[in-house]
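Everything on this sheet refers to the single structure shown next.
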Amino acid sequence: MIPPISARLPVVLACALSFLSLTTPSFALFEFIFGKKDKVVPMASERDTQEAAASALLAQARLAHNAGKAGKAQGLYQAIVKKYPFTVSAGEASFQNALIIRHVGKMDAAFEAFQAFIQAYRDSPRFAEAIEKQYEIAEEAKGGKKQSGLLLLPMKLNTSEVIGFYEQIIKNAPFGKYAPLAQFSIAEIQQDMKEKDKAVAAYQKVVENYPNTSQAAEAQFRIGSISNIAAQRSEDASNLLAARDALRTYIASNPAGERKQETEMILSQVNTAEANQSLTVAKFYKRIGKTKAAAIYLNEALKFGSPEVSAEARTLLAELAATDPEGVADAKKGPGQDYTALTAQNLKTRDDYVGPLAPELARLSQKPRMRTGDEGFMPIPLQEPMLPLRPGATMPGAGSLLPPVPETEKPALLPVPPVPNKPLIPPPPASGNKLPVPPPPTVKPAS
């Protein structure tokens with residue numbers, strides 16, 4: 001008779017607990033039940049004690065590692081990182097643990113082990129070496145190295161995982177030694193996958209982000225080469241324009257580059273292909289009677305074509321000139337032939353053009369700009385400027401900014417006072433009518 005489920009439940013729980021106790025440490029079981037606790041930075045008084053304990057464990061781990069006991073050494077390294085994460089020895093232990101995984105484990109596990117070291121110990125002297133190890137792992141994965149899978153069958157990493165490796169390397173050290181190499185490898189993977197737009201964009205990142213590296217020059221050449229191949233497989237003229245721009249940029253920035261001869265050869269192919277396309281389009285417009293359009297494309301064929309194409313374009317242009325000279329003349333009117341010219345260049349040919357703006361309006365329409373030199377700068381005059389005067393008035397005296405008082409008005413002056421400490425002189429008697437002088441007063445005698 002089978003016992004009921006309620007009777008069997010305690011036995012199942014006891015078996016499960018015994019199995020967990022055998023396969024996992026006690027602290028891992030508590031972490032599983034109660035959750036993982038955040039690491040706490042030790043106090044200054046505890047740090048020296050932890051440094052000493054971590055250093056002793058690190059010495060034991062190195063002895064085991066040198067003796068070929070990789071398993072024991074790895075356990076000690078992991079114990080140091082877990083128990084003393086804020087010590088100097090923990091950084092070294094984390095790096096050595098990643099090295100062991102690198103030699104005995106999978107590529108993705110090793111990459112993640114080095115990534116854990118980089119995130120926790122960026123100030124470690126092993127930081128650059130860890131980036132180098134990550135790049136080596138990514139290169140092995142890109143080259144097709146296999147690793148054991150779930151069914152113990154060797155298998156390659158997919159391209160998205162490999163690109164993720166390179167992207168993480170760039171994120172870890174955006175301007176480090178391996179950043180341009182990683183970005184260039186991403187572009188190569190996408191080029192091998194026949195993803196033209198993604199490959200060109202990835203190569204363009206190399207050119208823009210790392211312009212002074214050898215990878216930037218090679219990336220510039222490959223942009224032109226990929227666009228040229230795309231132009232050969234399609235009739236899209238934009239690919240020819242992109243190829244020409246990229247190849248001309250390469251020649252301008254690398255006049256003595258290793259790819260110069262190859263670049264010039266591809267550029268000649270691009271010019272020939274565009275001339276052939278222009279000649280084909282010109283024949284179409286000539287057939288339907290569009291003389292001006294046909295003449296424009298024939299001029300393009302003359303500009304970029306080979307001797308054979310140029311000769312044929314010249315013959316067709318002569319035929320057009322014989323039948324429709326005005327249409328051919330319209331196609332040679334300079335700025336009108338360039339359809340990328342600004343509309344303002346042809347403003348004078350418009351029927352509603354009435355002339356330029358007045359000088360004052362033109363000056364007001366301009367944006368203010370900062371003066372960069374002595375142009376338009378006038379010093380302060382040493383003499384006073386001329387002021388407007390009334391009609392018939394004379395010039396003011398030196399040092400005066402007021403106009404003179406006209407003679408018809410009385411001068412606004414006060415009488416001049418006499419000079420002090422000088423005896424007064426009575427005025428002389430006036431001549432003519434004299435007034436009677438009164439007699440002196442009589443003095444009475446005293447009684």
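Following the order of the structure tokens, chains are lettered A, B, ..., residues in each are numbered from 1, and ligands are numbered from 1.
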> Could you pull the residues within 7 Å of range 228-233 of chain A, counting only C-alpha atoms, minus those fewer than 4 positions along the same chain, as a list in words?
Replying inline: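 Here the qualifying residues turn out to be Gly224, Asn239, Leu240, Ala243 and Val270 of chain A.
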>> At a cut-off of 10 Å, using only C-alpha atoms, what residues contact Lys142 in chain A? Leave out same-chain residues fewer than 2 positions from it and give the result as a PyMOL selection string.
In response: chain A and resi 136-140+144-145+156-159+161-163+165-166+185-186+188-189
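From CA of Lys292 in chain A back to CA of Leu279 in chain A, the distance works out to 13.9 Å.
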List as a compact mmCIF listing (two decimals) with N, CA and C atoms, in the first residue's frame the protein and nucleic acid residues near Asp245 in chain A, meaning an atom at most 12 Å away when only C-alpha atoms are counted, but skip any in the same chain fewer than 4 places from it.
```
# COMPACT_ATOMS: atom_id res chain seq x y z
N GLN A 220 39.25 53.38 -44.36
CA GLN A 220 38.86 54.31 -45.41
C GLN A 220 38.93 53.65 -46.79
N PHE A 221 39.98 52.87 -47.01
CA PHE A 221 40.12 52.17 -48.29
C PHE A 221 38.99 51.14 -48.46
N ILE A 223 36.01 51.17 -47.24
CA ILE A 223 34.72 51.82 -47.53
C ILE A 223 34.57 52.04 -49.03
N GLY A 224 35.64 52.55 -49.65
CA GLY A 224 35.59 52.75 -51.09
C GLY A 224 35.50 51.44 -51.86
N SER A 225 36.23 50.42 -51.40
CA SER A 225 36.21 49.14 -52.09
C SER A 225 34.83 48.47 -52.01
N SER A 227 31.92 49.97 -51.55
CA SER A 227 30.98 50.74 -52.37
C SER A 227 31.19 50.46 -53.85
N ASN A 228 32.44 50.24 -54.26
CA ASN A 228 32.71 49.93 -55.66
C ASN A 228 32.13 48.57 -56.04
N SER A 238 24.51 56.13 -56.52
CA SER A 238 24.99 56.58 -55.21
C SER A 238 26.19 55.77 -54.74
N ASN A 239 26.24 54.49 -55.12
CA ASN A 239 27.40 53.68 -54.74
C ASN A 239 28.67 54.19 -55.43
N LEU A 240 28.54 54.61 -56.69
CA LEU A 240 29.70 55.16 -57.39
C LEU A 240 30.18 56.46 -56.74
N LEU A 241 29.24 57.31 -56.35
CA LEU A 241 29.62 58.55 -55.69
C LEU A 241 30.29 58.28 -54.34
N THR A 249 39.30 60.52 -50.56
CA THR A 249 39.68 60.85 -49.18
C THR A 249 40.90 60.05 -48.75
N TYR A 250 40.95 58.78 -49.13
CA TYR A 250 42.11 57.96 -48.80
C TYR A 250 43.38 58.53 -49.43
N ILE A 251 43.32 58.90 -50.70
CA ILE A 251 44.52 59.43 -51.37
C ILE A 251 44.94 60.75 -50.76
N ALA A 252 43.95 61.59 -50.39
CA ALA A 252 44.29 62.90 -49.81
C ALA A 252 44.91 62.77 -48.42
N THR A 263 44.23 51.98 -54.92
CA THR A 263 43.17 52.98 -54.85
C THR A 263 43.01 53.71 -56.17
N ILE A 266 41.20 51.41 -58.65
CA ILE A 266 39.76 51.31 -58.39
C ILE A 266 39.07 52.62 -58.74
N LEU A 267 39.72 53.76 -58.45
CA LEU A 267 39.13 55.05 -58.79
C LEU A 267 38.96 55.20 -60.29
N VAL A 270 35.91 53.27 -61.20
CA VAL A 270 34.70 53.99 -60.81
C VAL A 270 34.39 55.09 -61.81
N ASN A 271 35.39 55.84 -62.24
CA ASN A 271 35.17 56.90 -63.22
C ASN A 271 34.66 56.33 -64.54
```
>> Can you tell me, as a PyMOL selection string, which residues in range 135-292 of chain A count as strand (DSSP E or B) by DSSP?
In response: chain A and resi 147-148+154-155
